[in-house]
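Visitor: Structure below; questions to follow.
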Amino acid sequence: MLIQNEVILGLKDRHMSKKTESIMQRLEGLNEHELRRQLVSILTEQKLGLVWERDVIARDEAINADVVLPEFVEELSCRGDGAPSDQYQNLIIEGDNFDSLRLLKSTHANKIRVIYIDPPYNTGNKDWVYNDSFVGQNDKWRHSQWLEFLYQRLELARDLLTPDGVILVSINDENRDRLGMLMDEVFPGMRMGSITWRTRQGSNADQSCFLSVDHEHVLVYGNPGFNFNGFDKSYEMYSNDDEDPRGDWRTSDLTLGFSYKERPNLYYPLKDESTGAWYPPNPERIWVYASEARLKPGQTVQTKTMEEFARLGQILFPKDQKVVTWNTMEELLAAIDAGEVPRAGKTSTLRRDLPGLDFWVGKPVGFGRPAFKRYKADLRNQTQPLSSWIVPSFEEGTYEAENNLASATNQEGARQVAEVFGDRAFNYAKPSSLIKGLLSQASKPGDIVLDFFAGSGTTALAILELNSEDAGSRRFILCSSTEANTKEKTKNICRDVTAERIRRIINGYGKTKGLGGNFAYLRTSKIPPEDARMDSTDEQAFYLLSLRNTLSIRPYPDGPVKPVFANAELAIVYLPQVNATSIKALTALPQSRLAVYSARPETVAEKLETIEKEGNSYAIGDAILMGQAGNMAGAVSEMGAEE
């Protein structure tokens, strides 16, 4: 106990902060072995990065090992006009989003291409709940609780992304750095940058510091295969007046933004072999391509050399230009002093302080500037990249912004919610123009988009609008909690705001025509893993299989055989009861291949052999536990195997 006593006494001798007192209390309850382990952990696991008091704060009560199962609430779901009568493509999930994410991890792992979230900003204005309590400004663990809260959810979200997937996270300026470091830890190597947008046109707030913070950020973390869609390039500058067989081309700059001191190997004289004229390099912008004369033996370059491009006719040397020869150094220096030397813009290409001036004595020197012949066919990308600055809608047209998104301010978000409900049913809604713009760049017509801080459901609105414009089939998954509390026990944001708003947008409201679509309304149900096989209902098992194999929900069907998926050759079915009636119904199925889930997989396997159908029999208990409660083994997705 000697080490323990010395450590504790040493801490007591110092000025004690509240954090130190908390650590003291933890140390006093440790034996020598436990204390040594803590010290080793501290000394060996220190690293540069974000640290928060994970071992001191009480963990979020939402985090547990229970199995999460879906419950389909048909009366709160929405079919919409023209939607298939037996299938819901979109999902709204009511419950703690940690539970919703665990459910999705067992059904949608590697299936979500775009995640957009607008999480609580940790402002201290009681805008989020941790351990069933609002977190206020004076909570000493406020930042650690916020980081832990997001860490647990982002780790689950990471495993949902496709190999070319991306997550976009809105955040205010105050917490941008904390969240960025947390994202770096959860999504290592995936950081792509951030996008900035104006939230308002100016405010009288925070007058004491004379700084009005009128912007927020969208952090972008993508898997290696992800790219924004970009903007169509304009090809008006390309033409083919010389009937070049390689197609349309335009002139392009032949220099790089480095000085001759920064890139001395790219600072060299360039000769037009057809005329014998020489061209001095720009000392402030060196040539973009290497010269064969400067390469070391055996050295290669990633692209062609300047001489190779010249031989291909892609270096456009000036015609009908002034050419001067200085026969002595005195003549050259006099021309330099008089300013009668070639220029690149405002820069003289020959100066007294530049190296190698003697080279230019006796050479015919051209006063024009060579250019590059760039072919349209050689373009690496057919689109312009997305700018990291979102143009405020009220500033559109005031400056060039061809590769920028445009978005209204937060006032639009509040107004849009009020239009649907007739009042401000939800505060802090993002404008649909912001999310629609982001998703137009991040998603493709067939993608699944997830928002697990759904709020008023603006992400779904953006998806429905995009689908109506490009005939796309994007799907949305929204996760929202009830936000009920001791004072408002019947409060249900998910039901009364998120789902109700999207229902009205789908079906139409007032004089506004509906956008069409549908959604299934789900609730999460938690069962201890040791009880999951026995206590889960047949409906929960069926809905879980439906989500996993079709990424959608079908109402619970009648009959002894519950078809989950079927095409001409394959049927995936669930048998709640294994008896003569269900086996007979199984035999009558027209498909030649079957995947059957039941509580008696051995019996079903034997029957499959007798009815002359190719198939596999799976235990429904394994399927329920698959991907949850630490159990990643068990049943497989037949659809996944097919894909």
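By convention here, the chains of the structure tokens are called A, B, ... in the order presented, each chain's residues are numbered starting at 1, and ligands are numbered starting at 1 in the order presented.
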Report as a PyMOL selection string all protein, DNA and RNA residues lying within 8 Å of range 302-305 of chain A, evaluated on only C-alpha atoms, omitting residues in the same chain fewer than 5 positions from it.

Guide: chain A and resi 289-292

Visitor: Using all heavy atoms, can you write the selected residues to a file as a PDB file, in the first residue's frame?

Guide:
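Resulting contents of part.pdb:
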```pdb
ATOM      1  N   TYR A 289       6.279  22.190 -65.933  1.00  0.00           N
ATOM      2  CA  TYR A 289       6.826  20.887 -66.312  1.00  0.00           C
ATOM      3  C   TYR A 289       8.354  20.908 -66.255  1.00  0.00           C
ATOM      4  O   TYR A 289       8.992  21.928 -66.506  1.00  0.00           O
ATOM      5  CB  TYR A 289       6.370  20.490 -67.721  1.00  0.00           C
ATOM      6  CG  TYR A 289       4.864  20.406 -67.842  1.00  0.00           C
ATOM      7  CD1 TYR A 289       4.153  21.301 -68.645  1.00  0.00           C
ATOM      8  CD2 TYR A 289       4.149  19.442 -67.130  1.00  0.00           C
ATOM      9  CE1 TYR A 289       2.772  21.236 -68.743  1.00  0.00           C
ATOM     10  CE2 TYR A 289       2.761  19.371 -67.220  1.00  0.00           C
ATOM     11  CZ  TYR A 289       2.085  20.278 -68.022  1.00  0.00           C
ATOM     12  OH  TYR A 289       0.724  20.208 -68.102  1.00  0.00           O
ATOM     13  N   ALA A 290       8.922  19.750 -65.947  1.00  0.00           N
ATOM     14  CA  ALA A 290      10.380  19.623 -65.835  1.00  0.00           C
ATOM     15  C   ALA A 290      11.031  19.614 -67.213  1.00  0.00           C
ATOM     16  O   ALA A 290      10.406  19.276 -68.221  1.00  0.00           O
ATOM     17  CB  ALA A 290      10.730  18.344 -65.081  1.00  0.00           C
ATOM     18  N   SER A 291      12.309  19.978 -67.231  1.00  0.00           N
ATOM     19  CA  SER A 291      13.083  19.964 -68.473  1.00  0.00           C
ATOM     20  C   SER A 291      13.963  18.723 -68.513  1.00  0.00           C
ATOM     21  O   SER A 291      14.519  18.305 -67.490  1.00  0.00           O
ATOM     22  CB  SER A 291      13.949  21.219 -68.573  1.00  0.00           C
ATOM     23  OG  SER A 291      14.862  21.118 -69.642  1.00  0.00           O
ATOM     24  N   GLU A 292      14.095  18.130 -69.689  1.00  0.00           N
ATOM     25  CA  GLU A 292      14.956  16.961 -69.838  1.00  0.00           C
ATOM     26  C   GLU A 292      16.391  17.283 -69.441  1.00  0.00           C
ATOM     27  O   GLU A 292      17.106  16.434 -68.897  1.00  0.00           O
ATOM     28  CB  GLU A 292      14.907  16.467 -71.288  1.00  0.00           C
ATOM     29  CG  GLU A 292      13.556  15.913 -71.692  1.00  0.00           C
ATOM     30  CD  GLU A 292      13.493  15.575 -73.178  1.00  0.00           C
ATOM     31  OE1 GLU A 292      14.472  15.871 -73.891  1.00  0.00           O
ATOM     32  OE2 GLU A 292      12.459  15.036 -73.626  1.00  0.00           O
TER      33      GLU A 292
END
```

Visitor: If you count only C-alpha atoms, which residues fall within 9 Å of Asp99 in chain A, apart from same-chain ones fewer than 5 positions away, as a list in words?

Guide: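 The filter keeps Ala62, Ile63, Asn64, Val67, Val68, Leu104, Thr524, Ser525 and Lys526 of chain A.
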
Visitor: Residues of range 240-369 of chain A classed as helix (DSSP H, G or I) by DSSP on the backbone are to be reported as a list in words.

Guide: Pro264, Asn265, Leu266, Glu292, Ala293, Arg294, Met306, Glu307, Glu308, Phe309, Ala310, Arg311, Met329, Glu330, Glu331, Leu332, Leu333, Ala334, Ala335, Ile336, Asp337, Ala338, Leu357, Asp358, Phe359 and Trp360 of chain A

Visitor: Contacts of range 153-155 of chain A at 10 Å or less, counting only C-alpha atoms, minus same-chain residues fewer than 2 places along, as a PDB file with N, CA, C and O atoms, in the first residue's frame?

Guide:
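File written: selection-v3.pdb
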```pdb
ATOM      1  N   ILE A  63     -26.818   3.438 -22.883  1.00  0.00           N
ATOM      2  CA  ILE A  63     -25.869   2.447 -23.367  1.00  0.00           C
ATOM      3  C   ILE A  63     -26.020   1.175 -22.539  1.00  0.00           C
ATOM      4  O   ILE A  63     -25.784   1.168 -21.340  1.00  0.00           O
ATOM      5  N   ASN A  97     -31.635   7.540 -29.948  1.00  0.00           N
ATOM      6  CA  ASN A  97     -30.936   7.240 -31.199  1.00  0.00           C
ATOM      7  C   ASN A  97     -29.789   6.258 -31.019  1.00  0.00           C
ATOM      8  O   ASN A  97     -29.347   5.641 -31.984  1.00  0.00           O
ATOM      9  N   PHE A  98     -29.309   6.073 -29.787  1.00  0.00           N
ATOM     10  CA  PHE A  98     -28.299   5.038 -29.573  1.00  0.00           C
ATOM     11  C   PHE A  98     -28.907   3.666 -29.834  1.00  0.00           C
ATOM     12  O   PHE A  98     -28.282   2.805 -30.471  1.00  0.00           O
ATOM     13  N   ASP A  99     -30.137   3.449 -29.359  1.00  0.00           N
ATOM     14  CA  ASP A  99     -30.817   2.178 -29.612  1.00  0.00           C
ATOM     15  C   ASP A  99     -31.152   2.034 -31.091  1.00  0.00           C
ATOM     16  O   ASP A  99     -31.013   0.950 -31.666  1.00  0.00           O
ATOM     17  N   SER A 100     -31.589   3.119 -31.726  1.00  0.00           N
ATOM     18  CA  SER A 100     -31.909   3.064 -33.153  1.00  0.00           C
ATOM     19  C   SER A 100     -30.682   2.701 -33.978  1.00  0.00           C
ATOM     20  O   SER A 100     -30.765   1.921 -34.933  1.00  0.00           O
ATOM     21  N   LEU A 101     -29.536   3.258 -33.604  1.00  0.00           N
ATOM     22  CA  LEU A 101     -28.299   2.961 -34.335  1.00  0.00           C
ATOM     23  C   LEU A 101     -27.872   1.511 -34.135  1.00  0.00           C
ATOM     24  O   LEU A 101     -27.351   0.874 -35.055  1.00  0.00           O
ATOM     25  N   ARG A 102     -28.087   0.978 -32.927  1.00  0.00           N
ATOM     26  CA  ARG A 102     -27.746  -0.433 -32.706  1.00  0.00           C
ATOM     27  C   ARG A 102     -28.659  -1.345 -33.529  1.00  0.00           C
ATOM     28  O   ARG A 102     -28.211  -2.363 -34.056  1.00  0.00           O
ATOM     29  N   GLU A 148     -18.718  12.181 -24.857  1.00  0.00           N
ATOM     30  CA  GLU A 148     -19.023  10.763 -24.677  1.00  0.00           C
ATOM     31  C   GLU A 148     -20.333  10.406 -25.374  1.00  0.00           C
ATOM     32  O   GLU A 148     -20.447   9.353 -26.013  1.00  0.00           O
ATOM     33  N   PHE A 149     -21.324  11.265 -25.228  1.00  0.00           N
ATOM     34  CA  PHE A 149     -22.630  11.078 -25.870  1.00  0.00           C
ATOM     35  C   PHE A 149     -22.465  10.913 -27.386  1.00  0.00           C
ATOM     36  O   PHE A 149     -23.021   9.978 -27.992  1.00  0.00           O
ATOM     37  N   LEU A 150     -21.701  11.797 -28.017  1.00  0.00           N
ATOM     38  CA  LEU A 150     -21.510  11.717 -29.458  1.00  0.00           C
ATOM     39  C   LEU A 150     -20.591  10.568 -29.853  1.00  0.00           C
ATOM     40  O   LEU A 150     -20.806   9.916 -30.880  1.00  0.00           O
ATOM     41  N   TYR A 151     -19.561  10.321 -29.055  1.00  0.00           N
ATOM     42  CA  TYR A 151     -18.603   9.263 -29.376  1.00  0.00           C
ATOM     43  C   TYR A 151     -19.304   7.917 -29.539  1.00  0.00           C
ATOM     44  O   TYR A 151     -19.057   7.182 -30.505  1.00  0.00           O
ATOM     45  N   ALA A 157     -22.421   4.750 -36.039  1.00  0.00           N
ATOM     46  CA  ALA A 157     -22.718   5.304 -37.360  1.00  0.00           C
ATOM     47  C   ALA A 157     -21.624   4.961 -38.369  1.00  0.00           C
ATOM     48  O   ALA A 157     -21.915   4.719 -39.550  1.00  0.00           O
ATOM     49  N   ARG A 158     -20.385   4.936 -37.923  1.00  0.00           N
ATOM     50  CA  ARG A 158     -19.260   4.641 -38.821  1.00  0.00           C
ATOM     51  C   ARG A 158     -19.453   3.297 -39.530  1.00  0.00           C
ATOM     52  O   ARG A 158     -19.161   3.160 -40.727  1.00  0.00           O
ATOM     53  N   ASP A 159     -19.961   2.295 -38.813  1.00  0.00           N
ATOM     54  CA  ASP A 159     -20.098   0.961 -39.389  1.00  0.00           C
ATOM     55  C   ASP A 159     -21.296   0.835 -40.322  1.00  0.00           C
ATOM     56  O   ASP A 159     -21.490  -0.215 -40.944  1.00  0.00           O
ATOM     57  N   LEU A 160     -22.109   1.871 -40.410  1.00  0.00           N
ATOM     58  CA  LEU A 160     -23.252   1.834 -41.321  1.00  0.00           C
ATOM     59  C   LEU A 160     -22.886   2.302 -42.720  1.00  0.00           C
ATOM     60  O   LEU A 160     -23.586   2.000 -43.685  1.00  0.00           O
ATOM     61  N   ILE A 167     -20.195  11.065 -44.020  1.00  0.00           N
ATOM     62  CA  ILE A 167     -20.986  11.628 -42.937  1.00  0.00           C
ATOM     63  C   ILE A 167     -20.750  13.127 -42.894  1.00  0.00           C
ATOM     64  O   ILE A 167     -19.602  13.595 -42.969  1.00  0.00           O
ATOM     65  N   LEU A 182     -12.808  14.861 -32.172  1.00  0.00           N
ATOM     66  CA  LEU A 182     -13.547  13.623 -31.907  1.00  0.00           C
ATOM     67  C   LEU A 182     -13.776  12.853 -33.199  1.00  0.00           C
ATOM     68  O   LEU A 182     -13.608  11.620 -33.244  1.00  0.00           O
ATOM     69  N   MET A 183     -14.145  13.554 -34.257  1.00  0.00           N
ATOM     70  CA  MET A 183     -14.356  12.898 -35.552  1.00  0.00           C
ATOM     71  C   MET A 183     -13.063  12.286 -36.072  1.00  0.00           C
ATOM     72  O   MET A 183     -13.065  11.205 -36.663  1.00  0.00           O
ATOM     73  N   GLU A 185     -10.817  10.965 -34.331  1.00  0.00           N
ATOM     74  CA  GLU A 185     -10.591   9.732 -33.577  1.00  0.00           C
ATOM     75  C   GLU A 185     -11.519   8.621 -34.029  1.00  0.00           C
ATOM     76  O   GLU A 185     -11.111   7.471 -34.157  1.00  0.00           O
ATOM     77  N   VAL A 186     -12.778   8.952 -34.295  1.00  0.00           N
ATOM     78  CA  VAL A 186     -13.746   7.931 -34.694  1.00  0.00           C
ATOM     79  C   VAL A 186     -13.596   7.563 -36.164  1.00  0.00           C
ATOM     80  O   VAL A 186     -13.789   6.403 -36.542  1.00  0.00           O
ATOM     81  N   PHE A 187     -13.243   8.537 -37.003  1.00  0.00           N
ATOM     82  CA  PHE A 187     -13.125   8.316 -38.445  1.00  0.00           C
ATOM     83  C   PHE A 187     -11.694   8.616 -38.903  1.00  0.00           C
ATOM     84  O   PHE A 187     -11.459   9.550 -39.677  1.00  0.00           O
ATOM     85  N   PHE A 452     -29.800  10.708 -37.724  1.00  0.00           N
ATOM     86  CA  PHE A 452     -30.191  10.181 -36.417  1.00  0.00           C
ATOM     87  C   PHE A 452     -30.318  11.261 -35.349  1.00  0.00           C
ATOM     88  O   PHE A 452     -30.411  10.958 -34.163  1.00  0.00           O
TER      89      PHE A 452
END
```

Visitor: Taking into account only C-alpha atoms, which residue in the set A:Asn567, A:Ser592, A:Gln38, A:Asn172 is nearest to Tyr121 in chain A?

Guide: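 Among the listed residues, A:Asn172 lies closest to Tyr121 in chain A.
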
Visitor: Per residue of range 164-280 of chain A within 9 Å of range 314-317 of chain A, record the nearest atom pair and its distance in Å to one decimal, counting only C-alpha atoms, with rows in chain order and ascending residue number, as JSON lines.

Guide:
```
{"residue": "A:Thr251", "atom": "CA", "partner": "A:Leu316", "partner_atom": "CA", "distance": 8.0}
{"residue": "A:Leu254", "atom": "CA", "partner": "A:Ile315", "partner_atom": "CA", "distance": 8.5}
{"residue": "A:Asp272", "atom": "CA", "partner": "A:Phe317", "partner_atom": "CA", "distance": 6.8}
```

Visitor: Print the selection's residues with N, CA and C atoms to a file, as a compact mmCIF listing (two decimals), in the first residue's frame.

Guide:
```
# COMPACT_ATOMS: atom_id res chain seq x y z
N THR A 251 -6.27 27.31 -74.56
CA THR A 251 -4.96 27.67 -74.01
C THR A 251 -5.02 27.66 -72.49
N LEU A 254 1.12 27.96 -68.22
CA LEU A 254 2.24 27.03 -68.26
C LEU A 254 3.14 27.18 -67.04
N ASP A 272 12.11 27.69 -78.39
CA ASP A 272 11.23 27.28 -79.49
C ASP A 272 12.13 26.76 -80.60
```

Visitor: Taking 3 positions as the minimum chain separation for residues in the same chain, which residues sit within 9 Å of Asp337 in chain A when counting only C-alpha atoms? Answer as a list in words.

Guide: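 Residues near the query, excluding close chain neighbours: Leu332, Leu333, Ala334, Glu340, Arg351 and Arg352 of chain A.
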
Visitor: Go ahead and dump the residues you just picked, C-alpha atoms, as a JSON list (two decimals), in the first residue's frame.

Guide:
```json
[["chain", "number", "residue", "atom", "x", "y", "z"],
["A", 332, "LEU", "CA", 21.56, 43.43, -71.46],
["A", 333, "LEU", "CA", 22.06, 45.35, -68.18],
["A", 334, "ALA", "CA", 21.19, 48.62, -69.91],
["A", 340, "GLU", "CA", 13.05, 47.05, -71.96],
["A", 351, "ARG", "CA", 16.65, 41.33, -63.55],
["A", 352, "ARG", "CA", 20.13, 42.13, -62.24]]
```

Visitor: Within 10 Å of Leu608 in chain A, counting only C-alpha atoms, which residues qualify if same-chain residues fewer than 4 places away don't, as a JSON list (two decimals) with C-alpha atoms, in the first residue's frame?

Guide:
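Produced file result-v2.json, reproduced below:
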```json
[["chain", "number", "residue", "atom", "x", "y", "z"],
["A", 583, "ILE", "CA", -44.57, -27.26, -44.35],
["A", 586, "LEU", "CA", -43.71, -24.05, -47.90],
["A", 587, "THR", "CA", -43.93, -26.85, -50.45],
["A", 594, "LEU", "CA", -35.70, -21.16, -50.21],
["A", 596, "VAL", "CA", -36.25, -20.41, -44.16],
["A", 602, "GLU", "CA", -33.07, -28.86, -37.94],
["A", 603, "THR", "CA", -36.63, -30.01, -38.57],
["A", 604, "VAL", "CA", -37.07, -27.58, -41.43],
["A", 612, "GLU", "CA", -37.11, -31.34, -53.58],
["A", 613, "LYS", "CA", -36.29, -27.66, -53.10],
["A", 614, "GLU", "CA", -32.83, -26.22, -52.80],
["A", 615, "GLY", "CA", -32.61, -24.21, -49.62],
["A", 616, "ASN", "CA", -31.08, -23.28, -46.30],
["A", 617, "SER", "CA", -32.62, -23.38, -42.85]]
```

Visitor: Tell me, as a list of chain:residue names, which residues lie within 7 Å of range 527-544 of chain A, counting only C-alpha atoms; anything in the same chain fewer than 5 positions away does not count.

Guide: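 Counting only the stated atoms, we get A:Asp66, A:Val67, A:Val68, A:Leu69, A:Pro70, A:Glu71, A:Ile553, A:Tyr556, A:Tyr574, A:Pro576, A:Gly621, A:Ile624, A:Ala629.
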
Visitor: Name the residues in contact with Asp184 in chain A at a cut-off of 12 Å, using only C-alpha atoms, excluding same-chain residues fewer than 2 positions from it; report them as number ranges by chain.

Guide: A: 48-50, 151, 154-155, 158, 177-182, 186-193, 219-222

Visitor: Measuring between only C-alpha atoms, which one of A:Ala462, A:Ile112, A:Ala371, A:Ala595 shows the shortest distance to Glu569 in chain A?

Guide: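 Closest to Glu569 in chain A of all the choices is A:Ala595.
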
Visitor: What are the DSSP strand (DSSP E) residues of range 394-603 of chain A, as a ChimeraX atom specification?

Guide: /A:406-407,448-451,475-480,508-509,512-513,520-527,562-566,570-575,593-598

Visitor: What separation in Å, quoted to one decimal, exists between CA of Asp118 in chain A and CA of Lys491 in chain A?

Guide: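 Value for the CA of Asp118 in chain A-CA of Lys491 in chain A distance: 21.0 Å.
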
Visitor: To one decimal place, how far is CA of Lys562 in chain A from CA of Glu74 in chain A in Å?

Guide: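 Between CA of Lys562 in chain A and CA of Glu74 in chain A the gap is 17.4 Å.
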